[in-house]
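S.K.: Dropping a structure here in structure tokens format, bear with me for questions.
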Amino acid sequence: MTQPIAPEGANTWIIGTRKGAWTLQTGSKQQLGEPWFFGHQVHHVLQDPRRGGTMLAAVRTGHLGPTLYRSTDGGRNWKESERPPKFRAKEESANAGFEPDDGRLQGLTLDHVFFLAPGHASQPGVWYAGSSPIGLFKSTDDGVTWDGVPGFNDNPALAKWCYNFAPGTPDGPKCHSVQVDPLNANRLLVGLSGGGLFLSEDLGKSWNPVNKGVAMDFSPPKEDGTEYEYGHDPHDAVIHPANPRRWYHQNHCGIYRLDWQDGAKEQRWTRIGKNMPKDVGDIGFPMTCHPRNDKTIWVVPMDGGTVWPRTSVEGRPAVFRSRDAGETWQRLDKGLPSRAWQTVLRQAMTHNGGASLELVFGTTSGEVYGSSDEGDSWKTLATGLPKIMSITAARLD
Amino acid sequence: MATVRVRVAALLHSYTGGLKVVEVEAGTVGEAIAAVDRRFPGLAFRIIDEQGRIREHMNVFLGEDKVRDLGMAVTAGAEIYIVGSLSGGKMGYDPIFLRPRIT
């Protein structure tokens, strides 16, 4: 869920693709606009749901390095960040106390910003950006300049958490799902693919893994019988905006819910994906939650069997919804193709946040589907787009 | 310092306002690109990464010679070409940091 809180009055989907970003009006108009950043890889475009409505866009091209653009007039004009995210020069890491084989000592090079997130409502102008290779960056001036979050990027443990920045995840390892607890400005959650979920209780100064209860089927069981603390592969995680004590996440190895326990020695995830039909399974990328109802969530299962085709299970696209926090699930495929092998990436499903809730998702084969009845039925909104990497909702005048 | 001409390929014209050739004073290729960046901020980072390496899918030439060392000296009248390489279609992470630094 790339955008738990949509801007009030959102009227437009912003579709980030491998060849640019397109706007698509929500509701009955469904007018597809001309592309922004045509030819560029647009990983994420996000409008600030707080006052101001600044939009940021994470962009790179096949040739040119990564950067961020910002717009303060609803996308009519874009200006590049004066100091976009970038890693430290390797010379600056020489005395950081890293292990000799730490990838940072050779100098990390930012490939792309993958995930954008506004800061807490009490901190206007603060934004976070998760990147590939794995890094976390922060802006305190509404996206004009960016710096690494030292407690994260310079954390000596980060290399062991994230497989020493090694490639492995398709399209690169990623820091994603940057979530700020609406009730606690100091509490941040991030997902690392791979690496797991990590929590900070002090605004990013220190971090701890929060992966108890999460499967890691791609590693052998530990010989001492304990759980792995890190190394997992969360695909998409969300702190529920209406009930921040309830978290959900779609993982490489299942669907999970965590109900925060104050004072507990540990926080533990429950695999609610075990309640999915066995012939469908609980592998997928996106996790989308209802903005006001903490029991209603949507996922898009994909084929994670055999060689991991990552397409619709048995070539029959479907969204699954739970209205009871994952205890039971309903298959929702009315209006979707009866036979298709589609992939929906983790940032490519969202809602408009409105009282009349609209859902949308996009595929890597360029189709966009929308629902105005919470998923009971779907309608094709667009086809023929490039590979869809993200969809968010924005209010454009 | 010498006056050199930096020829900028179309994929960077959004920075130069469509200008194809920029004249700057520089002693090395790196200084020339830095001088162009001062005039058109942001351009250098799209070509050279934070570790001082020319990006994988970009090429810089001094005359006909491919630049591997940004410290390469330039002389008056030299022409520097900044172009996209015959690649760039790929997407996603490349373990650039695992490759030797371009020197």
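Here, A, B, ... name the chains of the structure tokens in the order displayed, residue numbers run from 1 inside each chain, and ligands are numbered from 1 in the same displayed order.
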Quick one: which residues from chain A are at most 10 Å off chain B, using only C-alpha atoms, as a PyMOL selection string?

M.R.: chain A and resi 18+41+60-67+80-91+103-112+132-133+165-174

S.K.: What lies within 7 Å of Cys289 in chain A using only C-alpha atoms, ignoring chain neighbours under 6 positions off, as a list in words?

M.R.: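 Non-adjacent residues within range: Thr296, Ile297 and Trp298 of chain A.
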
S.K.: List every residue of chain B that DSSP, applied to the backbone of this structure, places in strand (DSSP E or B), and write the result as a count of residues only.

M.R.: 30

S.K.: For a quick check of understanding, using only C-alpha atoms, which of A:Ala121, A:Leu336, A:Met287, A:Cys162 has the smallest distance to Asp233 in chain A?

M.R.: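 Counting only C-alpha atoms, the residue closest to Asp233 in chain A is A:Cys162.
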
S.K.: When you count only C-alpha atoms, which of these residues is closest to Pro182 in chain A: A:Arg51, A:Lys138, A:Lys212, A:Arg246?

M.R.: A:Arg246

S.K.: If DSSP is run on the backbone, what residues of chain B are helix (DSSP H, G or I)? A reply as a PyMOL selection string would be ideal.

M.R.: chain B and resi 10-16+29-39+43-47+96-98

S.K.: Take the residues from that selection and write them out as a tab-separated table (two decimals), in the first residue's frame, keeping C-alpha atoms.

M.R.:
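Wrote it out as again31.tsv, contents follow:
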chain	number	residue	atom	x	y	z
B	10	ALA	CA	19.53	15.20	-26.76
B	11	LEU	CA	18.73	13.20	-23.65
B	12	LEU	CA	20.16	16.06	-21.59
B	13	HIS	CA	18.68	18.96	-23.51
B	14	SER	CA	16.01	19.38	-20.85
B	15	TYR	CA	18.84	20.70	-18.68
B	16	THR	CA	20.48	22.95	-21.26
B	29	VAL	CA	37.16	16.47	-18.50
B	30	GLY	CA	35.74	16.30	-14.97
B	31	GLU	CA	36.18	20.03	-14.52
B	32	ALA	CA	34.44	20.65	-17.83
B	33	ILE	CA	31.41	18.61	-16.79
B	34	ALA	CA	31.40	20.34	-13.41
B	35	ALA	CA	31.44	23.70	-15.16
B	36	VAL	CA	28.48	22.69	-17.30
B	37	ASP	CA	26.70	21.54	-14.12
B	38	ARG	CA	27.23	24.92	-12.48
B	39	ARG	CA	25.45	26.49	-15.40
B	43	LEU	CA	23.11	17.59	-15.19
B	44	ALA	CA	26.33	16.07	-13.83
B	45	PHE	CA	24.61	13.62	-11.47
B	46	ARG	CA	22.68	12.13	-14.38
B	47	ILE	CA	26.06	11.31	-16.00
B	96	ILE	CA	27.68	-1.13	-10.06
B	97	PHE	CA	29.35	-0.83	-6.72
B	98	LEU	CA	30.84	-4.28	-7.17

S.K.: Quick one: everything within 9 Å of range 375-392 of chain A, counting only C-alpha atoms, minus sequence neighbours fewer than 5 positions away in the same chain. Send it as a ChimeraX atom specification.

M.R.: /A:2-3,6,12-20,22,24,30,32,41-47,298,319-321,331-336,344-352,358-370

S.K.: Mind writing the picked residues with C-alpha atoms as a short mmCIF file (atom, residue, chain, number, x, y, z; two decimals), in the first residue's frame?

M.R.:
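out_18.cif, freshly written:
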data_model
loop_
_atom_site.label_atom_id
_atom_site.label_comp_id
_atom_site.auth_asym_id
_atom_site.auth_seq_id
_atom_site.Cartn_x
_atom_site.Cartn_y
_atom_site.Cartn_z
CA THR A 2 1.96 2.89 -1.24
CA GLN A 3 -0.49 5.47 -0.05
CA ALA A 6 -5.07 9.58 -0.11
CA THR A 12 -7.13 11.43 -10.47
CA TRP A 13 -5.07 8.27 -10.62
CA ILE A 14 -1.37 8.83 -11.25
CA ILE A 15 0.00 5.82 -13.08
CA GLY A 16 3.78 5.40 -12.96
CA THR A 17 5.11 3.26 -15.78
CA ARG A 18 8.37 2.25 -17.33
CA LYS A 19 7.87 4.88 -20.02
CA GLY A 20 6.38 7.81 -18.15
CA TRP A 22 -0.12 9.03 -17.00
CA LEU A 24 -6.48 9.03 -15.40
CA GLN A 30 -11.91 8.15 -16.93
CA LEU A 32 -6.45 9.45 -19.84
CA GLN A 41 11.04 5.14 -15.76
CA VAL A 42 8.65 6.56 -13.19
CA HIS A 43 8.71 4.39 -10.09
CA HIS A 44 6.42 6.45 -7.91
CA VAL A 45 4.51 9.73 -8.03
CA LEU A 46 2.92 10.84 -4.80
CA GLN A 47 0.91 13.85 -3.74
CA TRP A 298 -7.50 -6.53 -0.57
CA VAL A 319 -8.57 -9.89 -6.29
CA PHE A 320 -9.25 -11.34 -2.85
CA ARG A 321 -10.91 -9.35 -0.09
CA ARG A 331 -12.71 -14.07 -4.50
CA LEU A 332 -13.54 -10.98 -6.60
CA ASP A 333 -13.18 -11.50 -10.33
CA LYS A 334 -16.36 -10.11 -11.86
CA GLY A 335 -15.34 -7.95 -14.79
CA LEU A 336 -11.75 -9.19 -14.90
CA VAL A 344 0.37 -6.61 -10.34
CA LEU A 345 3.39 -5.02 -8.68
CA ARG A 346 3.42 -3.95 -5.05
CA GLN A 347 2.86 -0.26 -5.73
CA ALA A 348 0.24 -0.77 -8.41
CA MET A 349 -2.93 -0.97 -6.32
CA THR A 350 -4.58 1.72 -4.27
CA HIS A 351 -7.83 3.54 -3.47
CA ASN A 352 -8.99 7.13 -3.65
CA GLU A 358 -12.86 3.57 -5.57
CA LEU A 359 -10.23 0.88 -5.95
CA VAL A 360 -7.76 0.58 -8.79
CA PHE A 361 -4.93 -1.67 -9.86
CA GLY A 362 -2.63 -1.86 -12.84
CA THR A 363 -0.68 -4.66 -14.46
CA THR A 364 2.78 -4.99 -15.91
CA SER A 365 1.06 -5.57 -19.25
CA GLY A 366 -0.47 -2.11 -19.14
CA GLU A 367 -4.09 -2.68 -18.14
CA VAL A 368 -5.85 -0.65 -15.44
CA TYR A 369 -8.92 -1.98 -13.64
CA GLY A 370 -11.18 -0.06 -11.28
#

S.K.: Can you pull out every residue within 6 Å of range 248-263 of chain A, counting only C-alpha atoms, but drop anything in the same chain fewer than 6 positions away, and send it as a PDB file with N, CA and C atoms, in the first residue's frame?

M.R.:
ATOM      1  N   ALA A 215       7.290 -16.294   7.864  1.00  0.00           N
ATOM      2  CA  ALA A 215       7.997 -17.429   7.257  1.00  0.00           C
ATOM      3  C   ALA A 215       9.142 -16.948   6.377  1.00  0.00           C
ATOM      4  N   ASP A 233      11.402 -11.340   3.238  1.00  0.00           N
ATOM      5  CA  ASP A 233      11.103 -10.557   2.030  1.00  0.00           C
ATOM      6  C   ASP A 233       9.678 -10.025   2.060  1.00  0.00           C
ATOM      7  N   PRO A 234       9.435  -8.978   2.840  1.00  0.00           N
ATOM      8  CA  PRO A 234       8.125  -8.342   2.795  1.00  0.00           C
ATOM      9  C   PRO A 234       7.965  -7.643   1.453  1.00  0.00           C
ATOM     10  N   HIS A 235       6.800  -7.775   0.842  1.00  0.00           N
ATOM     11  CA  HIS A 235       6.573  -7.109  -0.440  1.00  0.00           C
ATOM     12  C   HIS A 235       5.871  -5.764  -0.261  1.00  0.00           C
ATOM     13  N   ASP A 236       4.970  -5.711   0.700  1.00  0.00           N
ATOM     14  CA  ASP A 236       4.177  -4.477   0.832  1.00  0.00           C
ATOM     15  C   ASP A 236       3.574  -4.461   2.244  1.00  0.00           C
ATOM     16  N   ALA A 237       3.888  -3.440   3.017  1.00  0.00           N
ATOM     17  CA  ALA A 237       3.423  -3.381   4.404  1.00  0.00           C
ATOM     18  C   ALA A 237       2.718  -2.063   4.669  1.00  0.00           C
ATOM     19  N   VAL A 238       1.791  -2.104   5.600  1.00  0.00           N
ATOM     20  CA  VAL A 238       1.035  -0.875   5.905  1.00  0.00           C
ATOM     21  C   VAL A 238       0.685  -0.824   7.384  1.00  0.00           C
ATOM     22  N   TRP A 269       3.673 -11.421  14.165  1.00  0.00           N
ATOM     23  CA  TRP A 269       2.788 -11.479  13.011  1.00  0.00           C
ATOM     24  C   TRP A 269       2.007 -12.792  12.999  1.00  0.00           C
ATOM     25  N   THR A 270       0.761 -12.717  12.546  1.00  0.00           N
ATOM     26  CA  THR A 270      -0.074 -13.898  12.340  1.00  0.00           C
ATOM     27  C   THR A 270      -0.289 -14.090  10.842  1.00  0.00           C
ATOM     28  N   ARG A 271      -0.078 -15.307  10.361  1.00  0.00           N
ATOM     29  CA  ARG A 271      -0.218 -15.557   8.919  1.00  0.00           C
ATOM     30  C   ARG A 271      -1.689 -15.745   8.565  1.00  0.00           C
ATOM     31  N   ILE A 272      -2.350 -14.647   8.250  1.00  0.00           N
ATOM     32  CA  ILE A 272      -3.766 -14.708   7.874  1.00  0.00           C
ATOM     33  C   ILE A 272      -3.939 -15.295   6.476  1.00  0.00           C
ATOM     34  N   GLY A 273      -2.869 -15.394   5.732  1.00  0.00           N
ATOM     35  CA  GLY A 273      -2.945 -16.003   4.406  1.00  0.00           C
ATOM     36  C   GLY A 273      -3.250 -17.487   4.453  1.00  0.00           C
ATOM     37  N   ASP A 282      -1.213 -17.741  -0.858  1.00  0.00           N
ATOM     38  CA  ASP A 282      -1.180 -16.382  -0.299  1.00  0.00           C
ATOM     39  C   ASP A 282       0.100 -15.638  -0.673  1.00  0.00           C
ATOM     40  N   ILE A 283       0.506 -15.830  -1.928  1.00  0.00           N
ATOM     41  CA  ILE A 283       1.666 -15.106  -2.441  1.00  0.00           C
ATOM     42  C   ILE A 283       1.174 -13.973  -3.332  1.00  0.00           C
ATOM     43  N   MET A 287      -0.628  -5.051  -0.933  1.00  0.00           N
ATOM     44  CA  MET A 287      -1.518  -5.159   0.222  1.00  0.00           C
ATOM     45  C   MET A 287      -2.241  -3.820   0.327  1.00  0.00           C
TER      46      MET A 287
END
